[in-house]
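*Asks:* Got query_4.csv for you, CSV, C-alpha atoms:
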```csv
chain,number,residue,atom,x,y,z
A,24,MET,CA,6.8,-5.9,9.3
A,25,LEU,CA,5.5,-7.8,6.2
A,26,CYS,CA,2.2,-6.9,4.5
A,27,VAL,CA,1.1,-9.3,1.7
A,28,SER,CA,-0.5,-7.4,-1.1
A,29,LEU,CA,-3.4,-9.4,-2.6
A,30,LYS,CA,-5.0,-8.7,-6.0
A,31,LYS,CA,-7.3,-11.6,-6.7
A,32,LYS,CA,-9.9,-12.2,-9.5
A,33,SER,CA,-12.5,-13.6,-7.1
A,34,VAL,CA,-13.6,-13.2,-3.5
A,35,GLU,CA,-13.2,-17.0,-3.0
A,36,GLU,CA,-9.5,-16.8,-3.9
A,37,LEU,CA,-9.0,-13.8,-1.7
A,38,LEU,CA,-10.6,-15.4,1.4
A,39,ALA,CA,-8.5,-18.6,0.9
A,40,SER,CA,-5.3,-16.5,1.0
A,41,LEU,CA,-6.5,-14.4,4.0
A,42,LYS,CA,-6.9,-17.6,6.1
A,43,LYS,CA,-3.1,-18.0,5.9
A,44,LEU,CA,-2.0,-14.4,6.6
A,45,SER,CA,-1.8,-12.1,9.5
A,46,PHE,CA,-1.4,-8.8,7.6
A,47,ALA,CA,-2.7,-8.1,4.1
A,48,GLU,CA,-3.4,-5.3,1.6
A,49,ILE,CA,-6.6,-5.9,-0.2
A,50,ARG,CA,-6.5,-4.6,-3.7
A,51,LEU,CA,-10.0,-3.8,-4.7
A,52,ASP,CA,-9.2,-2.3,-8.1
A,53,ASP,CA,-10.5,-5.1,-10.2
A,54,LEU,CA,-12.6,-7.1,-7.7
A,55,PHE,CA,-16.3,-7.4,-8.0
A,56,VAL,CA,-17.5,-7.5,-4.4
A,57,THR,CA,-20.9,-7.2,-2.6
A,58,PRO,CA,-21.4,-5.3,0.7
A,59,LYS,CA,-21.9,-8.7,2.4
A,60,GLU,CA,-18.6,-10.0,1.0
A,61,LEU,CA,-16.8,-6.8,2.2
A,62,ARG,CA,-18.0,-7.6,5.8
A,63,VAL,CA,-16.4,-11.1,5.5
A,64,ILE,CA,-13.2,-9.8,3.9
A,65,PHE,CA,-12.6,-7.0,6.4
A,66,GLY,CA,-14.3,-8.4,9.5
A,67,GLY,CA,-12.0,-11.3,10.0
A,68,LYS,CA,-8.9,-11.8,12.2
A,69,THR,CA,-6.4,-10.7,9.5
A,70,LYS,CA,-5.2,-7.2,9.8
A,71,THR,CA,-6.1,-5.4,6.5
A,72,ILE,CA,-5.4,-2.4,4.3
A,73,ALA,CA,-8.2,-1.4,1.9
A,74,THR,CA,-6.8,-0.1,-1.4
A,75,CYS,CA,-8.4,0.9,-4.6
A,76,ARG,CA,-5.9,2.5,-7.1
A,77,PRO,CA,-7.1,5.1,-9.6
A,78,GLU,CA,-6.3,4.7,-13.3
A,79,HIS,CA,-2.6,5.0,-14.2
A,80,PRO,CA,-0.4,4.3,-17.3
A,81,GLY,CA,0.0,0.5,-17.8
A,82,LYS,CA,-2.7,-0.5,-15.4
A,83,SER,CA,-4.6,-3.6,-16.5
A,84,GLY,CA,-8.3,-4.4,-15.8
A,85,PHE,CA,-11.2,-2.1,-15.7
A,86,THR,CA,-11.2,1.4,-14.2
A,87,ARG,CA,-13.6,2.6,-11.5
A,88,THR,CA,-14.9,6.1,-11.3
A,89,GLU,CA,-14.0,8.4,-8.4
A,90,ASP,CA,-17.5,7.9,-7.0
A,91,GLU,CA,-17.2,4.1,-7.2
A,92,ARG,CA,-13.8,4.2,-5.5
A,93,LEU,CA,-15.1,6.5,-2.7
A,94,GLU,CA,-18.0,4.2,-2.1
A,95,LEU,CA,-15.9,1.0,-2.1
A,96,LEU,CA,-13.3,2.4,0.3
A,97,THR,CA,-15.9,3.9,2.6
A,98,ASN,CA,-17.7,0.6,2.8
A,99,ALA,CA,-14.4,-1.2,3.5
A,100,VAL,CA,-13.7,1.1,6.4
A,101,LEU,CA,-17.2,0.6,7.8
A,102,CYS,CA,-16.8,-3.2,7.4
A,103,GLY,CA,-13.7,-3.2,9.6
A,104,ALA,CA,-10.6,-2.4,7.6
A,105,ASN,CA,-7.7,-1.6,9.9
A,106,TYR,CA,-6.1,0.8,7.3
A,107,VAL,CA,-7.4,2.7,4.3
A,108,ASP,CA,-5.0,3.8,1.5
A,109,ILE,CA,-6.0,7.2,0.1
A,110,ASP,CA,-4.2,8.3,-3.1
A,111,LEU,CA,-2.9,11.8,-3.0
A,112,GLU,CA,-4.4,12.4,-6.5
A,113,THR,CA,-7.9,11.7,-5.1
A,114,PRO,CA,-10.2,14.8,-5.3
A,115,GLU,CA,-10.0,17.0,-2.2
A,116,ASP,CA,-13.6,16.5,-1.1
A,117,TYR,CA,-13.3,12.7,-1.4
A,118,LYS,CA,-10.1,12.7,0.6
A,119,ARG,CA,-11.7,14.6,3.4
A,120,THR,CA,-14.8,12.4,3.4
A,121,LEU,CA,-12.6,9.3,3.6
A,122,PHE,CA,-10.5,10.8,6.4
A,123,GLU,CA,-13.5,11.6,8.4
A,124,THR,CA,-15.0,8.2,8.0
A,125,ALA,CA,-11.7,6.5,8.9
A,126,LYS,CA,-11.2,8.5,12.1
A,127,LYS,CA,-14.8,7.8,13.2
A,128,ASN,CA,-14.2,4.1,12.8
A,129,ASN,CA,-10.7,3.7,14.3
A,130,CYS,CA,-9.2,3.1,10.9
A,131,PHE,CA,-5.6,4.3,10.3
A,132,VAL,CA,-5.1,6.4,7.1
A,133,ILE,CA,-2.2,5.8,4.7
A,134,MET,CA,-1.8,8.8,2.3
A,135,SER,CA,0.0,7.5,-0.8
A,136,TYR,CA,1.8,8.9,-3.8
A,137,HIS,CA,2.7,6.8,-6.8
A,138,ASN,CA,4.9,7.7,-9.8
A,139,TYR,CA,5.0,4.9,-12.4
A,140,GLU,CA,7.4,6.7,-14.7
A,141,GLU,CA,10.3,8.1,-12.7
A,142,THR,CA,11.7,9.2,-9.3
A,143,PRO,CA,11.4,13.0,-8.9
A,144,SER,CA,14.2,15.1,-7.5
A,145,GLN,CA,14.9,15.2,-3.8
A,146,LYS,CA,13.3,18.6,-3.5
A,147,GLU,CA,10.2,17.5,-5.3
A,148,LEU,CA,9.9,14.3,-3.2
A,149,GLU,CA,10.1,16.3,0.0
A,150,HIS,CA,7.4,18.7,-1.4
A,151,ILE,CA,5.2,15.6,-2.1
A,152,VAL,CA,5.8,14.3,1.5
A,153,ASN,CA,4.8,17.8,2.8
A,154,LYS,CA,1.6,17.7,0.7
A,155,CYS,CA,0.7,14.3,2.2
A,156,ALA,CA,1.5,15.4,5.7
A,157,ARG,CA,-0.9,18.4,5.4
A,158,PHE,CA,-3.7,15.9,5.8
A,159,LYS,CA,-2.2,14.4,9.0
A,160,PRO,CA,-2.3,10.8,7.9
A,161,ASP,CA,-1.0,8.0,10.2
A,162,ILE,CA,1.4,6.9,7.5
A,163,ILE,CA,2.7,8.4,4.3
A,164,LYS,CA,3.6,6.1,1.4
A,165,ILE,CA,5.8,7.2,-1.5
A,166,ALA,CA,6.4,4.7,-4.4
A,167,CYS,CA,8.3,5.8,-7.5
A,168,LEU,CA,9.8,3.9,-10.4
A,169,ALA,CA,13.6,3.6,-10.2
A,170,ASN,CA,15.3,4.2,-13.5
A,171,SER,CA,18.9,4.3,-12.2
A,172,PRO,CA,20.8,2.9,-9.1
A,173,LYS,CA,20.7,6.4,-7.6
A,174,ASP,CA,17.0,6.7,-7.5
A,175,PRO,CA,16.5,4.4,-4.5
A,176,LEU,CA,18.9,6.6,-2.5
A,177,ARG,CA,16.6,9.6,-2.9
A,178,ILE,CA,13.6,7.5,-1.9
A,179,LEU,CA,15.3,6.1,1.2
A,180,ALA,CA,16.5,9.6,2.2
A,181,LEU,CA,12.8,10.4,3.0
A,182,LEU,CA,13.0,8.1,6.0
A,183,HIS,CA,14.7,10.8,8.0
A,184,CYS,CA,11.3,12.5,8.4
A,185,LYS,CA,9.6,12.3,11.8
A,186,GLN,CA,6.3,11.2,10.1
A,187,PRO,CA,6.0,7.4,9.6
A,188,ILE,CA,6.9,6.8,6.0
A,189,ILE,CA,6.9,3.8,3.7
A,190,ALA,CA,9.4,4.7,0.9
A,191,VAL,CA,9.5,2.3,-2.0
A,192,SER,CA,11.4,2.3,-5.3
A,193,MET,CA,9.5,0.3,-7.8
A,194,GLY,CA,11.3,-1.9,-10.4
A,195,THR,CA,14.3,-4.2,-10.4
A,196,LYS,CA,16.7,-1.3,-9.5
A,197,GLY,CA,14.6,-0.4,-6.5
A,198,LYS,CA,14.3,-3.8,-4.8
A,199,ILE,CA,16.8,-2.9,-2.0
A,200,THR,CA,14.3,-0.3,-0.7
A,201,ARG,CA,11.8,-3.1,0.1
A,202,LEU,CA,14.3,-4.7,2.4
A,203,ALA,CA,16.0,-1.5,3.8
A,204,GLY,CA,12.8,0.4,4.4
A,205,PRO,CA,11.6,-1.4,7.6
A,206,LEU,CA,15.2,-1.6,8.9
A,207,LEU,CA,15.4,2.2,8.6
A,208,GLY,CA,12.1,3.0,10.2
A,209,SER,CA,9.3,2.2,7.8
A,210,PRO,CA,6.3,0.7,9.7
A,211,PHE,CA,6.2,-2.3,7.3
A,212,THR,CA,7.0,-3.3,3.7
A,213,TYR,CA,4.8,-4.8,1.0
A,214,VAL,CA,5.5,-8.3,-0.4
A,215,SER,CA,3.6,-10.6,-2.8
A,216,GLU,CA,2.1,-13.9,-1.8
A,217,THR,CA,4.2,-15.9,-4.3
A,218,LYS,CA,6.7,-15.0,-7.0
A,219,LEU,CA,4.1,-15.0,-9.7
A,220,GLN,CA,1.6,-12.8,-7.8
A,221,ALA,CA,3.4,-9.5,-7.5
A,222,THR,CA,1.1,-6.4,-7.5
A,223,ALA,CA,3.9,-3.9,-8.2
A,224,LEU,CA,7.2,-3.9,-10.2
A,225,GLY,CA,10.1,-5.3,-8.2
A,226,GLN,CA,7.9,-6.5,-5.3
A,227,MET,CA,9.5,-9.5,-3.6
A,228,ASP,CA,7.6,-12.5,-2.4
A,229,LEU,CA,6.8,-13.4,1.2
A,230,ALA,CA,8.9,-16.5,1.5
A,231,ALA,CA,12.1,-14.9,0.0
A,232,THR,CA,11.7,-11.8,2.1
A,233,LYS,CA,11.3,-13.8,5.3
A,234,GLN,CA,14.4,-15.9,4.4
A,235,ILE,CA,16.6,-12.8,3.8
A,236,PHE,CA,15.5,-11.3,7.1
A,237,LYS,CA,16.2,-14.6,8.9
A,238,LEU,CA,19.7,-14.7,7.4
A,239,MET,CA,20.2,-11.2,8.8
A,240,ASP,CA,18.9,-12.4,12.2
A,241,ILE,CA,16.2,-9.8,12.3
A,242,PHE,CA,13.0,-11.8,11.6
A,243,ASP,CA,11.6,-14.2,14.1
A,244,ASP,CA,9.1,-16.6,12.4
```
Starting from the file, lay out its structure as structure tokens.

*Replies:*
Amino acid sequence: MLCVSLKKKSVEELLASLKKLSFAEIRLDDLFVTPKELRVIFGGKTKTIATCRPEHPGKSGFTRTEDERLELLTNAVLCGANYVDIDLETPEDYKRTLFETAKKNNCFVIMSYHNYEETPSQKELEHIVNKCARFKPDIIKIACLANSPKDPLRILALLHCKQPIIAVSMGTKGKITRLAGPLLGSPFTYVSETKLQATALGQMDLAATKQIFKLMDIFDD
């Protein structure tokens, strides 16, 4: 139910963290990695999600070209990633190429949409979900910045869909969605390894999330 999102500066740091985790998202955005290192990262016992985000406002670090992102994610799938996260804004031909590669290699597909500025209207959110569903991914992920207490309500309302959805409100006002999501049907929720290693605004750390779920008698360590 808890996926630890890892964004490390070196492969050594990443591998050290993976040894302690059962499920992790590997953020490849700013990581320099060789094909041999990819095999070690995605060929281990830890269940993994391969992610490489495109450029967006406020993103730090260097930016990869679409060709570089396609090559990196394709290699991650071939090296054993259990899931691959494909951003909705990825060019159509690249999306289809990644989908085909994933399906041939028993890798689940997460089609994701991110809005780092606001939470769209309910009608627009449902339109975005339908755009994602058109590709028939295994999971749809919608993550939008919450600017008001009502924004998380619109995000959580997406969980009524039959398609497996991870619905997240980013930011302090949206933290409740990171706890409520898996309780209302999301396959899992993203957490950080520690308080200081969050990879998204409002992301809670692994220890705190486990503790909250234990207090609610819904998490068995």

*Asks:* What gap, in Å, lies between atom CA of A:Lys32 and atom CA of A:Gly194?

*Replies:* 23.6 Å

*Asks:* For A:Phe65, please output as a list of chain:residue names all residues within 8 Å (counting only C-alpha atoms; exclusion window: fewer than 3 positions along the same chain).

*Replies:*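 So, after excluding close chain neighbours, the residues are A:Leu61, A:Arg62, A:Thr69, A:Thr71, A:Ala99, A:Cys102, A:Gly103, A:Ala104.
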
*Asks:* Could you write out the selected residues, including C-alpha atoms, as a compact mmCIF listing (two decimals), in the frame of the given file?

*Replies:*
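The resulting file, result.txt, is reproduced below:
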```
# COMPACT_ATOMS: atom_id res chain seq x y z
CA LEU A 61 -16.80 -6.80 2.20
CA ARG A 62 -18.00 -7.60 5.80
CA THR A 69 -6.40 -10.70 9.50
CA THR A 71 -6.10 -5.40 6.50
CA ALA A 99 -14.40 -1.20 3.50
CA CYS A 102 -16.80 -3.20 7.40
CA GLY A 103 -13.70 -3.20 9.60
CA ALA A 104 -10.60 -2.40 7.60
```

*Asks:* Could you list, as a VMD selection string, every residue within 12 Å of A:Ile64, counting all atoms listed in the file and ignoring same-chain residues fewer than 6 positions away?

*Replies:* chain A and resid 29 33 to 42 47 to 51 54 56 to 58 70 to 73 98 to 105

*Asks:* Out of A:Phe158, A:Arg177, A:Ser171, A:Lys30, which residue has the shortest atom-to-atom distance to A:Leu219 when counting all atoms listed in the file?

*Replies:* A:Lys30

*Asks:* For a cut-off of 12 Å around (-4.8, 11.0, -3.9), file coordinates, pick out all residues using only C-alpha atoms and list them as an NGL selection string.

*Replies:* :A and (74-78 or 89 or 92-93 or 107-119 or 121-122 or 132-138 or 151 or 154-155 or 158 or 163-165)

*Asks:* Determine the nearest neighbour of A:Leu168 from the options A:Ser209, A:Thr217, A:Thr120, A:Gln226, counting all atoms listed in the file.

*Replies:*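 Of all the options, A:Gln226 lies closest to A:Leu168.
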
*Asks:* Would you work out the distance separating atom CA of A:Cys184 from atom CA of A:Gly204, expressed in Å to one decimal?

*Replies:*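 Separation between atom CA of A:Cys184 and atom CA of A:Gly204: 12.8 Å.
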